[in-house]
Amino acid sequence: MSRQYRPRKDRGASHVGERFEVEVGAVAHGGHCVARVPVADDPGTSRVVFVRHALPGERVVLEITEGTDGDRFWRGDAVEVVEASSDRVEAPCRFARPGGCGGCDFQHVALPVQRSLKAAVIREQLSRLAGLDLDVRVEAVRGDQGGLHWRTRMQYVHLPDGEIGMRRHRSRSVQVIDQCLLAHPDAREPERGLLRETVEPYDFEVAADGFWQVHPGAPRALVDAVLEALAPQPGERVLDLYAGVGLFARFLAARVGEGTRVVAVEGDRDACVHAKHNLAPHRGGVVQHGAVDQVLATELDEPFDLVVLDPPREGAKRVVVEQVVDRAPRAVAYVACDPAAFARDVAIFAEHGYTLTSLRAFDLFPMTHHVECVGLLERGTTR
């Protein structure tokens, strides 16, 4: 039987390639700023364009890279700067430009201002999605060189002639490069095998092609933030969700004491194998393989004092948040790599009496729009 395909809806005329001179507005989640262009057939109205390679307050000429009459918003690149911000700098990489490599969002921005922009995004998402008004500061982390040379793992496009490249923004097309300035001097590409990663005083077994934070300073910074937030006490039971190879579980196990129940739940089977090895020195440590929502729906129906929640970019979502709440922890440390998903989940926690009582943010991905947060959610408290 032949498969029936739904015809693609006609969204009207394309405006790709058109240029507009605009004043750039606020930074937005995703590595761009907001601008508005007039709607030709509807005088007095305008359309939102998300513009890369710009800064708030600048006047630029933008070129539309995605957009039709039927789209709610368009995308564009600032191809000419008419009035530059004082925060603009020369991008250190010649490929970080409109139409070039898509890996970096903010190379044209002074490093301290990059962090201010990321803080503004976190504040806006928490305000809009969780109804919170918080002061946010994004902290620098040791291990990069002025925002460069920090990626310990790289994934290049290897071309037939032996050259290497990186994908362009929102594209499968390739920008040929000679080097990436974000790459750590010892950066490696994904491969089969086993690595030993050290976060003093422990060594961790990790698959060479498995997940481990790519900024050299990230594991230490996140571990310290989680331990500071949760303040674990001897005898407290711990549930580490989306546990990876057991980084947080290992440190928490040492704090709560030998024989205390520490359960790590992870969906990747290979990561579970390594987590069992990494958590083996702790008597009372358990590694459970399976999707977090499914495991919590059918197993571990017991109280836990502390929970670490380190979900993927889409967040934990309601089903997992409510299963966590059902375990009645006194505190939850939420490690978030997406401010919008984090804010949505914080709002769900609030419905169940858990308040965001502290928040730290870390610049683990300089020159990009990505940022990592560690939030503490506590039951029955006020901020």
# chains A, B, ... in the order shown; residues from 1 in each chain; ligands from 1

call {"tool": "residues_around", "arguments": {"residues": "A:Arg250", "least_positions_apart": "5", "cutoff": "12 Å", "atoms": "only C-alpha atoms", "output": "PyMOL selection string"}}
result
chain A and resi 199-205+223+227+238-240+243-245+255-258+261-264+274-287+308

call {"tool": "write_last_selection", "arguments": {"atoms": "C-alpha atoms", "output": "PDB file, in the first residue's frame"}}
result
ATOM      1  CA  VAL A 199      36.183  15.341  39.129  1.00  0.00           C
ATOM      2  CA  GLU A 200      38.239  15.375  42.291  1.00  0.00           C
ATOM      3  CA  PRO A 201      38.378  13.223  44.259  1.00  0.00           C
ATOM      4  CA  TYR A 202      36.608  10.698  42.014  1.00  0.00           C
ATOM      5  CA  ASP A 203      37.265   9.140  38.613  1.00  0.00           C
ATOM      6  CA  PHE A 204      34.322   8.427  36.335  1.00  0.00           C
ATOM      7  CA  GLU A 205      34.030   5.807  33.617  1.00  0.00           C
ATOM      8  CA  VAL A 223      28.461  19.398  41.287  1.00  0.00           C
ATOM      9  CA  LEU A 227      25.656  20.148  46.705  1.00  0.00           C
ATOM     10  CA  VAL A 238      18.481  10.503  47.137  1.00  0.00           C
ATOM     11  CA  LEU A 239      16.840  10.121  43.722  1.00  0.00           C
ATOM     12  CA  ASP A 240      19.006  11.199  40.753  1.00  0.00           C
ATOM     13  CA  ALA A 243      21.507  10.503  35.929  1.00  0.00           C
ATOM     14  CA  GLY A 244      23.879   9.867  33.028  1.00  0.00           C
ATOM     15  CA  VAL A 245      26.961   8.084  34.348  1.00  0.00           C
ATOM     16  CA  ARG A 255      27.434  13.154  51.679  1.00  0.00           C
ATOM     17  CA  VAL A 256      24.462  11.065  52.826  1.00  0.00           C
ATOM     18  CA  GLY A 257      26.663   8.243  54.048  1.00  0.00           C
ATOM     19  CA  GLU A 258      27.457   4.592  53.483  1.00  0.00           C
ATOM     20  CA  ARG A 261      19.637   4.639  49.595  1.00  0.00           C
ATOM     21  CA  VAL A 262      20.790   6.495  46.475  1.00  0.00           C
ATOM     22  CA  VAL A 263      18.937   5.648  43.249  1.00  0.00           C
ATOM     23  CA  ALA A 264      20.077   6.813  39.808  1.00  0.00           C
ATOM     24  CA  HIS A 274      29.082   3.051  33.545  1.00  0.00           C
ATOM     25  CA  ALA A 275      26.932   4.519  36.317  1.00  0.00           C
ATOM     26  CA  LYS A 276      26.902   1.138  38.098  1.00  0.00           C
ATOM     27  CA  HIS A 277      30.690   1.116  37.966  1.00  0.00           C
ATOM     28  CA  ASN A 278      30.935   4.727  39.162  1.00  0.00           C
ATOM     29  CA  LEU A 279      28.452   4.233  41.995  1.00  0.00           C
ATOM     30  CA  ALA A 280      29.773   0.801  43.024  1.00  0.00           C
ATOM     31  CA  PRO A 281      31.906   2.120  45.923  1.00  0.00           C
ATOM     32  CA  HIS A 282      28.722   3.273  47.683  1.00  0.00           C
ATOM     33  CA  ARG A 283      26.865   0.513  49.479  1.00  0.00           C
ATOM     34  CA  GLY A 284      23.212   1.397  48.998  1.00  0.00           C
ATOM     35  CA  GLY A 285      23.621   2.810  45.492  1.00  0.00           C
ATOM     36  CA  VAL A 286      21.209   1.527  42.821  1.00  0.00           C
ATOM     37  CA  VAL A 287      21.132   2.251  39.079  1.00  0.00           C
ATOM     38  CA  VAL A 308      18.298  15.825  41.317  1.00  0.00           C
TER      39      VAL A 308
END

call {"tool": "closest_atom_pairs", "arguments": {"of": "stretch 188-230 of chain A", "to": "stretch 339-359 of chain A", "cutoff": "12 Å", "atoms": "only C-alpha atoms", "output": "Markdown table"}}
result
| residue | atom | partner | partner_atom | distance |
| --- | --- | --- | --- | --- |
| A:Ala225 | CA | A:Leu359 | CA | 9.4 |
| A:Val226 | CA | A:Leu359 | CA | 10.5 |
| A:Glu228 | CA | A:Ser358 | CA | 10.4 |
| A:Ala229 | CA | A:Ser358 | CA | 7.6 |
| A:Leu230 | CA | A:Ser358 | CA | 10.5 |

call {"tool": "write_last_selection", "arguments": {"atoms": "all heavy atoms", "output": "compact mmCIF listing (two decimals), in the first residue's frame"}}
result
# COMPACT_ATOMS: atom_id res chain seq x y z
N ALA A 225 27.41 23.38 42.74
CA ALA A 225 26.14 24.10 42.84
C ALA A 225 25.03 23.20 43.38
O ALA A 225 24.21 23.63 44.19
CB ALA A 225 25.75 24.65 41.47
N VAL A 226 24.99 21.95 42.93
CA VAL A 226 23.96 21.01 43.40
C VAL A 226 24.16 20.70 44.88
O VAL A 226 23.20 20.69 45.67
CB VAL A 226 23.98 19.72 42.56
CG1 VAL A 226 23.17 18.60 43.22
CG2 VAL A 226 23.43 20.01 41.16
N GLU A 228 25.69 22.54 47.12
CA GLU A 228 25.40 23.75 47.90
C GLU A 228 23.89 23.95 48.03
O GLU A 228 23.38 24.31 49.11
CB GLU A 228 26.03 24.95 47.22
CG GLU A 228 25.72 26.28 47.90
CD GLU A 228 26.24 27.46 47.11
OE1 GLU A 228 27.44 27.77 47.22
OE2 GLU A 228 25.44 28.06 46.35
N ALA A 229 23.16 23.71 46.94
CA ALA A 229 21.71 23.91 46.96
C ALA A 229 21.01 22.91 47.87
O ALA A 229 20.18 23.29 48.71
CB ALA A 229 21.15 23.82 45.54
N LEU A 230 21.33 21.65 47.73
CA LEU A 230 20.62 20.61 48.47
C LEU A 230 21.07 20.49 49.92
O LEU A 230 20.29 20.02 50.77
CB LEU A 230 20.79 19.25 47.77
CG LEU A 230 20.10 19.11 46.41
CD1 LEU A 230 20.39 17.72 45.83
CD2 LEU A 230 18.59 19.31 46.54

call {"tool": "select_by_dssp", "arguments": {"residues": "stretch 20-114 of chain A", "states": "alpha helix (DSSP H)", "output": "list in words"}}
result
Leu111, Pro112, Val113 and Gln114 of chain A

call {"tool": "closest_residue", "arguments": {"among": "A:Leu306, A:Ile164, A:Leu148, A:Ala336", "to": "A:Cys93", "atoms": "only C-alpha atoms"}}
result
A:Leu148

call {"tool": "select_by_dssp", "arguments": {"residues": "stretch 142-361 of chain A", "states": "strand (DSSP E)", "output": "PyMOL selection string"}}
result
chain A and resi 151-153+157-158+164-167+174-177+183-188+194-199+202-207+238-241+262-266+285-289+306-309+331-336+354-361

call {"tool": "atom_distance", "arguments": {"atom1": "atom CA of A:Gly375", "atom2": "atom CA of A:Cys104"}}
result
25.9 Å

call {"tool": "residues_around", "arguments": {"residues": "A:Asp69", "least_positions_apart": "3", "cutoff": "7 Å", "atoms": "only C-alpha atoms", "output": "list in words"}}
result
Arg11, Gly12, Ala13 and Ser14 of chain A

call {"tool": "write_last_selection", "arguments": {"atoms": "C-alpha atoms", "output": "PDB file, in the first residue's frame"}}
result
ATOM      1  CA  ARG A  11       2.001  29.711   3.043  1.00  0.00           C
ATOM      2  CA  GLY A  12       2.157  32.417   0.446  1.00  0.00           C
ATOM      3  CA  ALA A  13       4.938  34.310  -1.263  1.00  0.00           C
ATOM      4  CA  SER A  14       8.485  33.954   0.040  1.00  0.00           C
TER       5      SER A  14
END

call {"tool": "residues_around", "arguments": {"residues": "stretch 100-103 of chain A", "least_positions_apart": "2", "cutoff": "9 Å", "atoms": "only C-alpha atoms", "output": "VMD selection string"}}
result
chain A and resid 94 to 98 105 165 to 171 174 to 177 367 to 368

call {"tool": "closest_residue", "arguments": {"among": "A:Ala208, A:Ile122, A:Leu117, A:Val138", "to": "A:Met154", "atoms": "only C-alpha atoms"}}
result
A:Ala208

call {"tool": "closest_residue", "arguments": {"among": "A:Gln294, A:Pro366, A:Gly210, A:Arg360", "to": "A:Gly143", "atoms": "only C-alpha atoms"}}
result
A:Pro366

call {"tool": "atom_distance", "arguments": {"atom1": "atom CA of A:Glu266", "atom2": "atom CA of A:Ala207"}}
result
14.4 Å

call {"tool": "closest_residue", "arguments": {"among": "A:Val22, A:Val320, A:Cys272, A:Val307", "to": "A:Leu377", "atoms": "only C-alpha atoms"}}
result
A:Val307

call {"tool": "atom_distance", "arguments": {"atom1": "atom CA of A:Gly267", "atom2": "atom CA of A:Tyr334"}}
result
17.8 Å

call {"tool": "closest_residue", "arguments": {"among": "A:Ala183, A:Leu62, A:Ala316, A:Val157", "to": "A:Gly17", "atoms": "only C-alpha atoms"}}
result
A:Leu62

call {"tool": "decode", "arguments": {"residues": "stretch 263-280 of chain A", "atoms": "N, CA, C and O atoms", "output": "PDB file, in the first residue's frame"}}
result
ATOM      1  N   VAL A 263      19.427   6.292  44.466  1.00  0.00           N
ATOM      2  CA  VAL A 263      18.937   5.648  43.249  1.00  0.00           C
ATOM      3  C   VAL A 263      19.167   6.581  42.063  1.00  0.00           C
ATOM      4  O   VAL A 263      18.738   7.736  42.079  1.00  0.00           O
ATOM      5  N   ALA A 264      19.836   6.073  41.043  1.00  0.00           N
ATOM      6  CA  ALA A 264      20.077   6.813  39.808  1.00  0.00           C
ATOM      7  C   ALA A 264      19.241   6.192  38.694  1.00  0.00           C
ATOM      8  O   ALA A 264      19.306   4.975  38.472  1.00  0.00           O
ATOM      9  N   VAL A 265      18.461   6.998  37.991  1.00  0.00           N
ATOM     10  CA  VAL A 265      17.609   6.524  36.893  1.00  0.00           C
ATOM     11  C   VAL A 265      18.102   7.143  35.597  1.00  0.00           C
ATOM     12  O   VAL A 265      18.248   8.364  35.498  1.00  0.00           O
ATOM     13  N   GLU A 266      18.348   6.297  34.597  1.00  0.00           N
ATOM     14  CA  GLU A 266      18.910   6.754  33.326  1.00  0.00           C
ATOM     15  C   GLU A 266      18.356   5.903  32.191  1.00  0.00           C
ATOM     16  O   GLU A 266      18.239   4.684  32.312  1.00  0.00           O
ATOM     17  N   GLY A 267      18.021   6.562  31.060  1.00  0.00           N
ATOM     18  CA  GLY A 267      17.432   5.863  29.935  1.00  0.00           C
ATOM     19  C   GLY A 267      18.420   5.231  28.988  1.00  0.00           C
ATOM     20  O   GLY A 267      18.054   4.316  28.239  1.00  0.00           O
ATOM     21  N   ASP A 268      19.664   5.684  28.992  1.00  0.00           N
ATOM     22  CA  ASP A 268      20.663   5.131  28.079  1.00  0.00           C
ATOM     23  C   ASP A 268      21.317   3.907  28.720  1.00  0.00           C
ATOM     24  O   ASP A 268      21.892   3.997  29.805  1.00  0.00           O
ATOM     25  N   ARG A 269      21.252   2.780  28.023  1.00  0.00           N
ATOM     26  CA  ARG A 269      21.720   1.518  28.616  1.00  0.00           C
ATOM     27  C   ARG A 269      23.228   1.541  28.877  1.00  0.00           C
ATOM     28  O   ARG A 269      23.691   1.093  29.936  1.00  0.00           O
ATOM     29  N   ASP A 270      24.013   2.067  27.937  1.00  0.00           N
ATOM     30  CA  ASP A 270      25.466   2.107  28.143  1.00  0.00           C
ATOM     31  C   ASP A 270      25.830   3.015  29.317  1.00  0.00           C
ATOM     32  O   ASP A 270      26.714   2.693  30.118  1.00  0.00           O
ATOM     33  N   ALA A 271      25.138   4.146  29.417  1.00  0.00           N
ATOM     34  CA  ALA A 271      25.403   5.048  30.537  1.00  0.00           C
ATOM     35  C   ALA A 271      25.097   4.364  31.868  1.00  0.00           C
ATOM     36  O   ALA A 271      25.799   4.582  32.864  1.00  0.00           O
ATOM     37  N   CYS A 272      24.064   3.528  31.880  1.00  0.00           N
ATOM     38  CA  CYS A 272      23.731   2.799  33.113  1.00  0.00           C
ATOM     39  C   CYS A 272      24.856   1.847  33.514  1.00  0.00           C
ATOM     40  O   CYS A 272      25.164   1.699  34.703  1.00  0.00           O
ATOM     41  N   VAL A 273      25.445   1.196  32.536  1.00  0.00           N
ATOM     42  CA  VAL A 273      26.564   0.292  32.826  1.00  0.00           C
ATOM     43  C   VAL A 273      27.684   1.072  33.508  1.00  0.00           C
ATOM     44  O   VAL A 273      28.266   0.625  34.512  1.00  0.00           O
ATOM     45  N   HIS A 274      28.006   2.241  32.965  1.00  0.00           N
ATOM     46  CA  HIS A 274      29.082   3.051  33.545  1.00  0.00           C
ATOM     47  C   HIS A 274      28.660   3.619  34.899  1.00  0.00           C
ATOM     48  O   HIS A 274      29.498   3.728  35.806  1.00  0.00           O
ATOM     49  N   ALA A 275      27.399   3.989  35.036  1.00  0.00           N
ATOM     50  CA  ALA A 275      26.932   4.519  36.317  1.00  0.00           C
ATOM     51  C   ALA A 275      27.051   3.468  37.419  1.00  0.00           C
ATOM     52  O   ALA A 275      27.411   3.788  38.562  1.00  0.00           O
ATOM     53  N   LYS A 276      26.770   2.208  37.098  1.00  0.00           N
ATOM     54  CA  LYS A 276      26.902   1.138  38.098  1.00  0.00           C
ATOM     55  C   LYS A 276      28.354   1.016  38.558  1.00  0.00           C
ATOM     56  O   LYS A 276      28.629   0.831  39.748  1.00  0.00           O
ATOM     57  N   HIS A 277      29.268   1.153  37.606  1.00  0.00           N
ATOM     58  CA  HIS A 277      30.690   1.116  37.966  1.00  0.00           C
ATOM     59  C   HIS A 277      31.050   2.316  38.843  1.00  0.00           C
ATOM     60  O   HIS A 277      31.737   2.174  39.861  1.00  0.00           O
ATOM     61  N   ASN A 278      30.566   3.505  38.439  1.00  0.00           N
ATOM     62  CA  ASN A 278      30.935   4.727  39.162  1.00  0.00           C
ATOM     63  C   ASN A 278      30.323   4.793  40.549  1.00  0.00           C
ATOM     64  O   ASN A 278      30.896   5.387  41.468  1.00  0.00           O
ATOM     65  N   LEU A 279      29.143   4.183  40.710  1.00  0.00           N
ATOM     66  CA  LEU A 279      28.452   4.233  41.995  1.00  0.00           C
ATOM     67  C   LEU A 279      28.758   3.013  42.865  1.00  0.00           C
ATOM     68  O   LEU A 279      28.346   2.961  44.026  1.00  0.00           O
ATOM     69  N   ALA A 280      29.500   2.058  42.309  1.00  0.00           N
ATOM     70  CA  ALA A 280      29.773   0.801  43.024  1.00  0.00           C
ATOM     71  C   ALA A 280      30.412   0.991  44.399  1.00  0.00           C
ATOM     72  O   ALA A 280      30.098   0.231  45.317  1.00  0.00           O
TER      73      ALA A 280
END
